[in-house]
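Colleague: My structure is stored as upload.pdb, with PDB, C-alpha atoms, pLDDT in the B column.
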ATOM      1  CA  MET A 180       0.016  -8.462 -16.051  1.00 93.00           C
ATOM      2  CA  VAL A 181      -1.150  -9.449 -12.558  1.00 96.00           C
ATOM      3  CA  LEU A 182      -2.678  -7.154  -9.952  1.00 98.00           C
ATOM      4  CA  LEU A 183      -2.345  -8.711  -6.509  1.00 98.00           C
ATOM      5  CA  TYR A 184      -4.554  -7.114  -3.859  1.00 98.00           C
ATOM      6  CA  LEU A 185      -4.159  -7.195  -0.060  1.00 98.00           C
ATOM      7  CA  HIS A 186      -7.156  -6.331   2.139  1.00 98.00           C
ATOM      8  CA  GLY A 187      -7.157  -4.021   5.154  1.00 97.00           C
ATOM      9  CA  GLY A 188      -8.325  -4.610   8.695  1.00 97.00           C
ATOM     10  CA  GLY A 189      -5.584  -3.590  11.115  1.00 96.00           C
ATOM     11  CA  PHE A 190      -3.960  -7.047  10.954  1.00 97.00           C
ATOM     12  CA  SER A 191      -6.887  -8.309  13.012  1.00 97.00           C
ATOM     13  CA  GLY A 192      -9.717  -8.504  10.474  1.00 97.00           C
ATOM     14  CA  GLY A 193     -10.651  -8.453   6.824  1.00 97.00           C
ATOM     15  CA  ILE A 194     -10.949 -11.172   4.206  1.00 97.00           C
ATOM     16  CA  LYS A 195      -9.884 -11.568   0.591  1.00 97.00           C
ATOM     17  CA  ASP A 196     -13.343 -12.149  -0.889  1.00 97.00           C
ATOM     18  CA  SER A 197     -15.514  -9.479   0.677  1.00 97.00           C
ATOM     19  CA  PRO A 198     -18.130  -8.117  -1.787  1.00 97.00           C
ATOM     20  CA  GLU A 199     -16.286  -4.874  -2.529  1.00 97.00           C
ATOM     21  CA  ILE A 200     -13.017  -6.723  -3.205  1.00 98.00           C
ATOM     22  CA  VAL A 201     -14.740  -9.239  -5.496  1.00 98.00           C
ATOM     23  CA  ALA A 202     -16.324  -6.351  -7.416  1.00 98.00           C
ATOM     24  CA  PHE A 203     -12.960  -4.586  -7.687  1.00 98.00           C
ATOM     25  CA  CYS A 204     -11.165  -7.707  -8.917  1.00 98.00           C
ATOM     26  CA  ASN A 205     -13.902  -8.441 -11.464  1.00 98.00           C
ATOM     27  CA  LYS A 206     -13.527  -4.941 -12.891  1.00 98.00           C
ATOM     28  CA  ILE A 207      -9.750  -5.341 -13.016  1.00 98.00           C
ATOM     29  CA  ALA A 208     -10.164  -8.633 -14.918  1.00 97.00           C
ATOM     30  CA  GLN A 209     -12.544  -6.984 -17.386  1.00 98.00           C
ATOM     31  CA  HIS A 210      -9.674  -4.701 -18.384  1.00 97.00           C
ATOM     32  CA  GLY A 211      -7.458  -7.644 -19.295  1.00 95.00           C
ATOM     33  CA  TYR A 212      -5.468  -8.055 -16.098  1.00 96.00           C
ATOM     34  CA  VAL A 213      -5.247 -11.147 -13.921  1.00 96.00           C
ATOM     35  CA  ALA A 214      -6.687 -10.156 -10.550  1.00 97.00           C
ATOM     36  CA  VAL A 215      -5.542 -11.983  -7.421  1.00 97.00           C
ATOM     37  CA  SER A 216      -6.751 -11.317  -3.882  1.00 98.00           C
ATOM     38  CA  VAL A 217      -5.007 -13.053  -0.999  1.00 97.00           C
ATOM     39  CA  ASN A 218      -5.443 -13.582   2.715  1.00 98.00           C
ATOM     40  CA  TYR A 219      -2.618 -13.310   5.213  1.00 98.00           C
ATOM     41  CA  ARG A 220      -2.322 -14.278   8.858  1.00 97.00           C
ATOM     42  CA  LEU A 221      -4.076 -11.839  11.178  1.00 98.00           C
ATOM     43  CA  ILE A 222      -1.856 -12.215  14.209  1.00 96.00           C
ATOM     44  CA  ARG A 223      -3.499  -9.306  16.034  1.00 96.00           C
ATOM     45  CA  LYS A 224      -6.941 -10.903  15.804  1.00 96.00           C
ATOM     46  CA  GLY A 225      -8.467 -11.571  19.221  1.00 95.00           C
ATOM     47  CA  THR A 226      -5.778  -9.649  21.089  1.00 95.00           C
ATOM     48  CA  GLN A 227      -6.760  -7.044  23.652  1.00 92.00           C
ATOM     49  CA  SER A 228      -4.533  -4.321  22.231  1.00 93.00           C
ATOM     50  CA  GLY A 229      -5.264  -5.053  18.576  1.00 94.00           C
ATOM     51  CA  PHE A 230      -3.058  -2.835  16.408  1.00 96.00           C
ATOM     52  CA  GLY A 231      -3.515   0.280  18.532  1.00 96.00           C
ATOM     53  CA  CYS A 232      -1.431   2.338  20.916  1.00 97.00           C
ATOM     54  CA  ASP A 233      -1.286  -0.408  23.556  1.00 97.00           C
ATOM     55  CA  CYS A 234       0.227  -2.855  21.068  1.00 97.00           C
ATOM     56  CA  PRO A 235       4.033  -2.856  21.505  1.00 97.00           C
ATOM     57  CA  VAL A 236       6.040  -1.702  18.515  1.00 97.00           C
ATOM     58  CA  THR A 237       7.785  -5.068  18.228  1.00 96.00           C
ATOM     59  CA  GLU A 238       4.396  -6.752  17.861  1.00 96.00           C
ATOM     60  CA  LYS A 239       3.231  -4.200  15.301  1.00 96.00           C
ATOM     61  CA  LEU A 240       6.326  -4.840  13.196  1.00 95.00           C
ATOM     62  CA  ALA A 241       5.849  -8.590  13.638  1.00 95.00           C
ATOM     63  CA  ALA A 242       2.309  -8.285  12.261  1.00 96.00           C
ATOM     64  CA  ILE A 243       3.588  -6.500   9.163  1.00 96.00           C
ATOM     65  CA  ASP A 244       6.483  -8.950   8.719  1.00 94.00           C
ATOM     66  CA  THR A 245       4.104 -11.910   8.985  1.00 95.00           C
ATOM     67  CA  ALA A 246       1.831 -10.426   6.334  1.00 96.00           C
ATOM     68  CA  VAL A 247       4.841  -9.796   4.079  1.00 95.00           C
ATOM     69  CA  TYR A 248       5.928 -13.424   4.526  1.00 93.00           C
ATOM     70  CA  ASP A 249       2.469 -14.639   3.526  1.00 95.00           C
ATOM     71  CA  LEU A 250       2.436 -12.273   0.557  1.00 95.00           C
ATOM     72  CA  ARG A 251       5.679 -13.826  -0.623  1.00 92.00           C
ATOM     73  CA  SER A 252       4.122 -17.268  -0.271  1.00 93.00           C
ATOM     74  CA  ALA A 253       1.315 -16.136  -2.563  1.00 94.00           C
ATOM     75  CA  VAL A 254       3.821 -14.795  -5.093  1.00 93.00           C
ATOM     76  CA  HIS A 255       5.721 -18.105  -4.918  1.00 92.00           C
ATOM     77  CA  PHE A 256       2.454 -19.930  -5.669  1.00 94.00           C
ATOM     78  CA  LEU A 257       1.942 -17.745  -8.726  1.00 93.00           C
ATOM     79  CA  GLU A 258       5.465 -18.468  -9.898  1.00 92.00           C
ATOM     80  CA  VAL A 259       5.143 -22.226  -9.452  1.00 93.00           C
ATOM     81  CA  ASN A 260       1.837 -22.199 -11.336  1.00 94.00           C
ATOM     82  CA  LYS A 261       2.702 -19.563 -13.918  1.00 93.00           C
ATOM     83  CA  ASP A 262       2.250 -21.868 -16.917  1.00 94.00           C
ATOM     84  CA  LYS A 263      -1.068 -23.188 -15.671  1.00 94.00           C
ATOM     85  CA  LEU A 264      -2.293 -19.669 -14.910  1.00 92.00           C
ATOM     86  CA  GLY A 265      -0.785 -18.131 -18.030  1.00 92.00           C
ATOM     87  CA  ILE A 266       0.998 -15.328 -16.202  1.00 92.00           C
ATOM     88  CA  ASP A 267       4.422 -13.771 -15.866  1.00 89.00           C
ATOM     89  CA  PRO A 268       5.145 -13.667 -12.111  1.00 84.00           C
ATOM     90  CA  ARG A 269       7.641 -10.859 -12.676  1.00 83.00           C
ATOM     91  CA  LYS A 270       4.889  -8.572 -13.922  1.00 91.00           C
ATOM     92  CA  ILE A 271       2.962  -8.123 -10.679  1.00 96.00           C
ATOM     93  CA  ILE A 272       1.442  -4.882  -9.467  1.00 97.00           C
ATOM     94  CA  LEU A 273       0.922  -4.967  -5.704  1.00 97.00           C
ATOM     95  CA  ALA A 274      -2.120  -3.144  -4.351  1.00 98.00           C
ATOM     96  CA  GLY A 275      -3.495  -2.810  -0.861  1.00 98.00           C
ATOM     97  CA  SER A 276      -5.742  -0.863   1.474  1.00 98.00           C
ATOM     98  CA  SER A 277      -4.794   0.214   5.008  1.00 98.00           C
ATOM     99  CA  ALA A 278      -2.987  -2.751   6.604  1.00 98.00           C
ATOM    100  CA  GLY A 279      -2.793  -4.304   3.133  1.00 98.00           C
ATOM    101  CA  ALA A 280      -1.205  -1.101   1.826  1.00 98.00           C
ATOM    102  CA  GLU A 281       1.285  -1.117   4.697  1.00 98.00           C
ATOM    103  CA  THR A 282       2.147  -4.706   3.782  1.00 97.00           C
ATOM    104  CA  ALA A 283       2.544  -3.950   0.080  1.00 97.00           C
ATOM    105  CA  LEU A 284       4.552  -0.752   0.576  1.00 97.00           C
ATOM    106  CA  CYS A 285       6.809  -2.295   3.219  1.00 95.00           C
ATOM    107  CA  GLU A 286       7.436  -5.315   1.008  1.00 94.00           C
ATOM    108  CA  VAL A 287       8.421  -3.060  -1.892  1.00 93.00           C
ATOM    109  CA  PHE A 288      10.354  -0.332  -0.094  1.00 93.00           C
ATOM    110  CA  ASN A 289      11.427  -1.680   3.319  1.00 85.00           C
ATOM    111  CA  THR A 290      12.341  -5.354   3.007  1.00 74.00           C
ATOM    112  CA  PRO A 291      15.286  -6.947   1.173  1.00 60.00           C
ATOM    113  CA  LYS A 292      14.388  -8.195  -2.286  1.00 58.00           C
ATOM    114  CA  TYR A 293      14.259 -11.962  -2.416  1.00 55.00           C
ATOM    115  CA  THR A 294      15.476 -14.270  -5.169  1.00 53.00           C
ATOM    116  CA  THR A 295      13.238 -16.640  -7.108  1.00 53.00           C
ATOM    117  CA  ASP A 296      14.413 -19.730  -8.941  1.00 52.00           C
ATOM    118  CA  GLN A 297      15.263 -17.684 -12.028  1.00 47.00           C
ATOM    119  CA  ALA A 298      16.220 -14.156 -11.066  1.00 48.00           C
ATOM    120  CA  PRO A 299      16.182 -11.494  -8.367  1.00 51.00           C
ATOM    121  CA  PHE A 300      12.527 -10.560  -7.895  1.00 67.00           C
ATOM    122  CA  LYS A 301      11.154  -7.062  -8.341  1.00 81.00           C
ATOM    123  CA  TYR A 302       7.538  -5.968  -8.604  1.00 94.00           C
ATOM    124  CA  ALA A 303       6.326  -3.940 -11.576  1.00 96.00           C
ATOM    125  CA  GLY A 304       4.398  -1.351  -9.564  1.00 97.00           C
ATOM    126  CA  VAL A 305       2.651  -0.683  -6.266  1.00 98.00           C
ATOM    127  CA  ILE A 306      -0.688   0.921  -5.350  1.00 98.00           C
ATOM    128  CA  GLY A 307      -1.097   2.116  -1.769  1.00 98.00           C
ATOM    129  CA  MET A 308      -4.468   3.235  -0.437  1.00 98.00           C
ATOM    130  CA  ALA A 309      -3.829   4.911   2.923  1.00 98.00           C
ATOM    131  CA  GLY A 310      -0.600   3.046   3.556  1.00 98.00           C
ATOM    132  CA  ALA A 311       2.796   3.830   5.068  1.00 98.00           C
ATOM    133  CA  ILE A 312       6.290   2.467   5.628  1.00 97.00           C
ATOM    134  CA  SER A 313       8.368   2.378   8.785  1.00 94.00           C
ATOM    135  CA  ASP A 314      11.742   3.352   7.293  1.00 94.00           C
ATOM    136  CA  VAL A 315      11.858   5.812   4.412  1.00 95.00           C
ATOM    137  CA  SER A 316      15.667   5.632   4.281  1.00 95.00           C
ATOM    138  CA  LYS A 317      15.376   2.189   2.692  1.00 93.00           C
ATOM    139  CA  LEU A 318      13.517   3.694  -0.257  1.00 95.00           C
ATOM    140  CA  THR A 319      16.371   4.175  -2.721  1.00 94.00           C
ATOM    141  CA  SER A 320      16.915   4.359  -6.457  1.00 93.00           C
ATOM    142  CA  LYS A 321      17.453   0.602  -6.447  1.00 89.00           C
ATOM    143  CA  THR A 322      14.330  -0.271  -4.494  1.00 90.00           C
ATOM    144  CA  SER A 323      11.973   2.236  -6.111  1.00 94.00           C
ATOM    145  CA  ILE A 324       9.245   1.185  -8.526  1.00 96.00           C
ATOM    146  CA  PRO A 325       6.291   3.152  -9.978  1.00 97.00           C
ATOM    147  CA  ALA A 326       3.867   4.014  -7.179  1.00 98.00           C
ATOM    148  CA  LEU A 327       0.247   5.163  -7.118  1.00 98.00           C
ATOM    149  CA  LEU A 328      -0.694   6.594  -3.736  1.00 98.00           C
ATOM    150  CA  PHE A 329      -4.036   7.689  -2.263  1.00 98.00           C
ATOM    151  CA  HIS A 330      -4.300   9.324   1.164  1.00 98.00           C
ATOM    152  CA  GLY A 331      -6.415  11.704   3.222  1.00 98.00           C
ATOM    153  CA  THR A 332      -4.718  14.512   5.132  1.00 97.00           C
ATOM    154  CA  CYS A 333      -6.887  13.857   8.205  1.00 97.00           C
ATOM    155  CA  ASP A 334      -6.260  10.106   8.351  1.00 97.00           C
ATOM    156  CA  GLN A 335      -6.473   9.320  12.062  1.00 96.00           C
ATOM    157  CA  LEU A 336      -4.882   5.853  11.803  1.00 97.00           C
ATOM    158  CA  VAL A 337      -2.165   5.901   9.152  1.00 98.00           C
ATOM    159  CA  PRO A 338      -0.503   9.327   8.866  1.00 97.00           C
ATOM    160  CA  TYR A 339      -0.455  11.164   5.554  1.00 97.00           C
ATOM    161  CA  GLY A 340       3.078  12.420   6.236  1.00 97.00           C
ATOM    162  CA  SER A 341       5.597  11.315   8.873  1.00 97.00           C
ATOM    163  CA  GLU A 342       3.841  11.119  12.222  1.00 97.00           C
ATOM    164  CA  PRO A 343       3.276   8.585  15.022  1.00 97.00           C
ATOM    165  CA  HIS A 344       1.269   5.573  13.886  1.00 96.00           C
ATOM    166  CA  ARG A 345      -2.346   6.125  14.981  1.00 96.00           C
ATOM    167  CA  TYR A 346      -1.062   9.342  16.558  1.00 96.00           C
ATOM    168  CA  CYS A 347      -0.083   7.418  19.690  1.00 97.00           C
ATOM    169  CA  GLU A 348       1.468   9.351  22.549  1.00 97.00           C
ATOM    170  CA  LYS A 349       5.236   9.063  22.839  1.00 96.00           C
ATOM    171  CA  GLU A 350       4.917   7.258  26.181  1.00 97.00           C
ATOM    172  CA  SER A 351       2.649   4.529  24.780  1.00 97.00           C
ATOM    173  CA  ALA A 352       3.847   1.029  23.952  1.00 97.00           C
ATOM    174  CA  GLY A 353       2.735   1.385  20.343  1.00 97.00           C
ATOM    175  CA  TYR A 354       4.496   4.658  19.577  1.00 98.00           C
ATOM    176  CA  MET A 355       6.407   4.542  16.300  1.00 97.00           C
ATOM    177  CA  ILE A 356       6.815   6.911  13.400  1.00 97.00           C
ATOM    178  CA  MET A 357       5.254   5.809  10.132  1.00 97.00           C
ATOM    179  CA  ASN A 358       5.884   7.509   6.803  1.00 98.00           C
ATOM    180  CA  GLY A 359       2.726   7.897   4.758  1.00 98.00           C
ATOM    181  CA  SER A 360       1.987   8.672   1.135  1.00 98.00           C
ATOM    182  CA  ARG A 361       3.182  12.291   1.316  1.00 97.00           C
ATOM    183  CA  THR A 362       6.618  11.298   2.616  1.00 98.00           C
ATOM    184  CA  ILE A 363       6.922   8.414   0.136  1.00 98.00           C
ATOM    185  CA  ALA A 364       6.027  10.713  -2.769  1.00 98.00           C
ATOM    186  CA  ASP A 365       8.501  13.339  -1.577  1.00 98.00           C
ATOM    187  CA  LYS A 366      11.269  10.720  -1.492  1.00 98.00           C
ATOM    188  CA  LEU A 367      10.400   9.422  -4.970  1.00 98.00           C
ATOM    189  CA  GLU A 368      10.353  12.983  -6.268  1.00 98.00           C
ATOM    190  CA  LYS A 369      13.808  13.590  -4.808  1.00 97.00           C
ATOM    191  CA  LEU A 370      15.055  10.375  -6.400  1.00 97.00           C
ATOM    192  CA  GLU A 371      13.478  11.452  -9.719  1.00 97.00           C
ATOM    193  CA  LYS A 372      11.442   8.249  -9.848  1.00 97.00           C
ATOM    194  CA  PRO A 373       7.900   7.868 -11.217  1.00 98.00           C
ATOM    195  CA  PHE A 374       4.844   8.193  -8.983  1.00 98.00           C
ATOM    196  CA  CYS A 375       1.326   9.569  -8.842  1.00 98.00           C
ATOM    197  CA  LEU A 376      -0.112  10.948  -5.583  1.00 98.00           C
ATOM    198  CA  TYR A 377      -3.756  11.760  -4.892  1.00 98.00           C
ATOM    199  CA  THR A 378      -4.168  13.909  -1.793  1.00 97.00           C
ATOM    200  CA  PHE A 379      -7.680  14.131  -0.328  1.00 97.00           C
ATOM    201  CA  CYS A 380      -7.829  17.289   1.783  1.00 97.00           C
ATOM    202  CA  GLY A 381      -9.643  16.755   5.068  1.00 96.00           C
ATOM    203  CA  GLU A 382     -10.510  13.110   4.431  1.00 97.00           C
ATOM    204  CA  ASP A 383      -9.867  10.428   7.027  1.00 97.00           C
ATOM    205  CA  HIS A 384      -9.030   6.720   6.828  1.00 97.00           C
ATOM    206  CA  LYS A 385     -11.982   5.913   4.571  1.00 96.00           C
ATOM    207  CA  ILE A 386      -9.648   6.735   1.672  1.00 98.00           C
ATOM    208  CA  ALA A 387      -8.303   3.223   2.252  1.00 98.00           C
ATOM    209  CA  HIS A 388     -11.338   1.917   0.355  1.00 96.00           C
ATOM    210  CA  ILE A 389     -12.814   4.735  -1.746  1.00 96.00           C
ATOM    211  CA  PRO A 390     -10.319   4.535  -4.663  1.00 97.00           C
ATOM    212  CA  MET A 391     -11.373   0.958  -5.484  1.00 97.00           C
ATOM    213  CA  SER A 392     -14.658   2.336  -6.795  1.00 97.00           C
ATOM    214  CA  GLU A 393     -14.474   6.116  -7.120  1.00 97.00           C
ATOM    215  CA  LYS A 394     -10.920   6.266  -8.515  1.00 98.00           C
ATOM    216  CA  PHE A 395     -10.962   3.037 -10.486  1.00 98.00           C
ATOM    217  CA  ASP A 396     -10.203   4.779 -13.799  1.00 98.00           C
ATOM    218  CA  GLU A 397      -7.126   6.331 -12.211  1.00 98.00           C
ATOM    219  CA  ILE A 398      -5.967   2.882 -11.097  1.00 98.00           C
ATOM    220  CA  ILE A 399      -6.356   1.511 -14.629  1.00 98.00           C
ATOM    221  CA  LYS A 400      -4.532   4.570 -16.010  1.00 98.00           C
ATOM    222  CA  PHE A 401      -1.621   3.917 -13.653  1.00 98.00           C
ATOM    223  CA  CYS A 402      -1.431   0.229 -14.574  1.00 97.00           C
ATOM    224  CA  TYR A 403      -1.298   1.057 -18.266  1.00 97.00           C
ATOM    225  CA  GLN A 404       0.724   4.268 -18.424  1.00 97.00           C
ATOM    226  CA  TRP A 405       3.149   3.956 -15.507  1.00 97.00           C
ATOM    227  CA  VAL A 406       3.658   0.190 -15.519  1.00 96.00           C
ATOM    228  CA  ILE A 407       2.993  -1.186 -19.012  1.00 95.00           C
ATOM    229  CA  ARG A 408       4.100   1.918 -20.928  1.00 95.00           C
ATOM    230  CA  ASP A 409       6.871   2.655 -18.406  1.00 94.00           C
ATOM    231  CA  SER A 410       6.010   6.319 -17.929  1.00 95.00           C
ATOM    232  CA  LYS A 411       8.572   8.337 -15.966  1.00 96.00           C
ATOM    233  CA  LYS A 412       6.083  11.032 -14.974  1.00 96.00           C
ATOM    234  CA  GLN A 413       5.646  12.436 -11.499  1.00 98.00           C
ATOM    235  CA  GLU A 414       2.095  13.654 -10.940  1.00 98.00           C
ATOM    236  CA  GLN A 415       0.236  15.024  -7.939  1.00 97.00           C
ATOM    237  CA  TYR A 416      -3.464  15.788  -7.613  1.00 97.00           C
ATOM    238  CA  ILE A 417      -5.172  17.698  -4.828  1.00 96.00           C
ATOM    239  CA  ILE A 418      -8.774  16.714  -4.130  1.00 95.00           C
ATOM    240  CA  SER A 419     -10.169  19.836  -2.467  1.00 92.00           C
ATOM    241  CA  GLY A 420     -11.838  19.712   0.925  1.00 92.00           C
ATOM    242  CA  ASP A 421     -11.788  21.332   4.342  1.00 91.00           C
ATOM    243  CA  HIS A 422      -8.741  20.372   6.350  1.00 92.00           C
ATOM    244  CA  ASN A 423     -10.629  20.739   9.621  1.00 90.00           C
ATOM    245  CA  CYS A 424      -8.630  18.343  11.778  1.00 93.00           C
ATOM    246  CA  ASP A 425      -5.796  18.806  14.258  1.00 90.00           C
ATOM    247  CA  TYR A 426      -3.168  17.391  11.913  1.00 92.00           C
ATOM    248  CA  LEU A 427      -0.637  19.410   9.928  1.00 88.00           C
ATOM    249  CA  ALA A 428      -2.092  21.010   6.793  1.00 89.00           C
ATOM    250  CA  TYR A 429       0.041  20.602   3.644  1.00 88.00           C
ATOM    251  CA  ASP A 430       0.340  22.815   0.569  1.00 81.00           C
ATOM    252  CA  GLY A 431      -2.912  22.857  -1.340  1.00 84.00           C
ATOM    253  CA  CYS A 432      -5.027  22.051   1.717  1.00 87.00           C
ATOM    254  CA  ASN A 433      -4.711  25.325   3.636  1.00 72.00           C
TER     255      ASN A 433
END
Could the structure of this file be written out as structure tokens, please?
Modeller:
Amino acid sequence: MVLLYLHGGGFSGGIKDSPEIVAFCNKIAQHGYVAVSVNYRLIRKGTQSGFGCDCPVTEKLAAIDTAVYDLRSAVHFLEVNKDKLGIDPRKIILAGSSAGAETALCEVFNTPKYTTDQAPFKYAGVIGMAGAISDVSKLTSKTSIPALLFHGTCDQLVPYGSEPHRYCEKESAGYMIMNGSRTIADKLEKLEKPFCLYTFCGEDHKIAHIPMSEKFDEIIKFCYQWVIRDSKKQEQYIISGDHNCDYLAYDGCN
């Protein structure tokens, strides 16, 4: 089983071998998984608007699409070298933080599945740490896979539910609705598909990185029970805290 990790950084920063990512991948490998961390093109790097509210929606979507394309290139590399690496490229768990989570979740739930040399490709599972997708309607019974989701209800960049990305004003160039972990979990629940959601009441975007260390056991549990053992469970956990932000409070965080 392979866990392929995508770093965060707002499509303008981040690198695959930062100390915390190396530590995370080493721990994953110690549990018997092949850990892979990849870079992708940061097309918002050096731009004045970055990935914020002044960045036009078309350019935001282009940044995600470019990262997805590079992710697929990495998966193709794993497939070509599967014998040398001793892996099954059809047993890949995607994982990502922030922009990396948006890339992973959009690849799984929002983009057409692509075909490899042998068969239509489908990932074994996905782990999103403060991620979101642009179109929840594309999440269907056919596209769903087991998902582990971590998110803070006061995330000021990537919404926990369905809200404007970075809470941009409707008149801004970068206004677009993104569907975060809460909305994804609700859709999977409706479809009766397996998932596990950890809601951190009152926490902000730092949840994009905290699970790699503080919730590592939960990540390993997901990889084993939901992916390897093919559990069909739907689980939700509320991490208590003060929801003291201006964003909508959800059940369990009031």
Colleague: Could you name the residues that touch Gly340 of chain A at 7 Å or less, counting only C-alpha atoms, but leaving out those on the same chain fewer than 5 positions away, as number ranges by chain?
Modeller: A: 358-362
Colleague: Within 12 Å of segment 248-255 of chain A, counting only C-alpha atoms, which residues qualify if same-chain residues fewer than 4 places away don't, as a VMD selection string?
Modeller: chain A and resid 181 to 186 215 to 222 241 to 244 259 to 261 266 to 275 279 to 287 290 to 297 300 to 302
Colleague: What lies within 6 Å of Cys432 of chain A using all atoms listed in the file, ignoring chain neighbours under 3 positions off, as a ChimeraX atom specification?
Modeller: /A:380,428-429
Colleague: Go ahead and write the residues just picked, C-alpha atoms, as a PDB file, in the coordinates of the input.
Modeller:
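result00.pdb was written with the following content:
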ATOM      1  CA  CYS A 380      -7.829  17.289   1.783  1.00 97.00           C
ATOM      2  CA  ALA A 428      -2.092  21.010   6.793  1.00 89.00           C
ATOM      3  CA  TYR A 429       0.041  20.602   3.644  1.00 88.00           C
TER       4      TYR A 429
END
Colleague: Could I get the residues of segment 353-412 of chain A with an atom no further than 8 Å from an atom of segment 189-207 of chain A, each paired with its nearest atom pair and that distance in Å to one decimal, using all atoms listed in the file, sorted by chain and residue number, as CSV?
Modeller:
residue,atom,partner,partner_atom,distance
A:Met391,CA,A:Phe203,CA,6.2
A:Ser392,CA,A:Phe203,CA,7.2
A:Ile399,CA,A:Ile207,CA,7.8
Colleague: Given the file shown, enumerate the residues that the PyMOL selection byres ((chain A and resi 332) around 10) captures and present them as a ChimeraX atom specification.
Modeller: /A:309,330-331,333-335,337-340,359-361,378-384,386,420-424,426-429,432
Colleague: Just the residues within 10 Å of Met355 of chain A, please, counting all atoms listed in the file, with nothing from its chain fewer than 5 positions along; format it as a PyMOL selection string.
Modeller: chain A and resi 232+235-237+239-240+313+342-349
Colleague: Go through A:Cys375, A:Leu370, A:Ala387, A:Ile363 one by one, measure the shortest atom-to-atom distance of each to Leu336 of chain A using all atoms listed in the file, and give the residue with the smallest value.
Modeller: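 Residue with the minimum atom-to-atom distance to Leu336 of chain A: A:Ala387.
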Colleague: Do a neighbour search on Ser320 of chain A at 9 Å with only C-alpha atoms, toss out local chain neighbours closer than 4 positions, and write the hits as a list in words.
Modeller: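 That gives Ile324, Leu367, Leu370, Glu371 and Lys372 of chain A.
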Colleague: Save out the residues we just selected, C-alpha atoms, as a PDB file, in the coordinates of the input.
Modeller:
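Result file out-v4.pdb:
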ATOM      1  CA  ILE A 324       9.245   1.185  -8.526  1.00 96.00           C
ATOM      2  CA  LEU A 367      10.400   9.422  -4.970  1.00 98.00           C
ATOM      3  CA  LEU A 370      15.055  10.375  -6.400  1.00 97.00           C
ATOM      4  CA  GLU A 371      13.478  11.452  -9.719  1.00 97.00           C
ATOM      5  CA  LYS A 372      11.442   8.249  -9.848  1.00 97.00           C
TER       6      LYS A 372
END
Colleague: Report, as lines of an AutoDock Vina configuration file, the centre and edge lengths in Å (one decimal) of the axis-aligned box enclosing every listed atom of segment 394-402 of chain A, padded by 8 Å on each side.
Modeller:
center_x = -6.2
center_y = 3.3
center_z = -12.3
size_x = 25.5
size_y = 22.1
size_z = 23.5
Colleague: Would you translate the PyMOL selection byres ((chain A and resi 315) around 9) into the concrete set of residues it matches in this file, as a list of chain:residue names?
Modeller: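 In the shown coordinates, the PyMOL selection byres ((chain A and resi 315) around 9) covers A:Phe288, A:Asn289, A:Ile312, A:Ser313, A:Asp314, A:Ser316, A:Lys317, A:Leu318, A:Thr319, A:Met357, A:Asn358, A:Thr362, A:Ile363, A:Lys366.
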Colleague: Calculate how many Å separate atom CA of Ala303 of chain A from atom CA of Asp262 of chain A, rounding to one decimal.
Modeller: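 Separating atom CA of Ala303 of chain A from atom CA of Asp262 of chain A is a distance of 19.1 Å.
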Colleague: What does the structure give for the distance between atom CA of Leu376 of chain A and atom CA of Asp430 of chain A, in Å to one decimal?
Modeller: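 Computing it gives 13.4 Å between the two atoms.
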Colleague: Could you tell me which of A:Gly265, A:Gly431, A:Pro373, A:Gly307 comes closest to Pro390 of chain A if we count only C-alpha atoms?
Modeller: A:Gly307
Colleague: Could you jot down the atom CA of Phe374 of chain A to atom CA of Thr245 of chain A separation for me, Å, one decimal place?
Modeller: 27.0 Å
Colleague: Under the rule that only C-alpha atoms are counted, which of A:Tyr354, A:Ala208, A:Ala278, A:Ile417 is the nearest residue to Arg223 of chain A?
Modeller: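 Among A:Tyr354, A:Ala208, A:Ala278, A:Ile417, it is A:Ala278 that comes nearest to Arg223 of chain A.
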Colleague: So which one's closest to Gly211 of chain A, A:Val406, A:Met180, A:Leu327, A:Cys234? Using only C-alpha atoms, please.
Modeller: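 So, comparing all the options, the nearest one is A:Met180.
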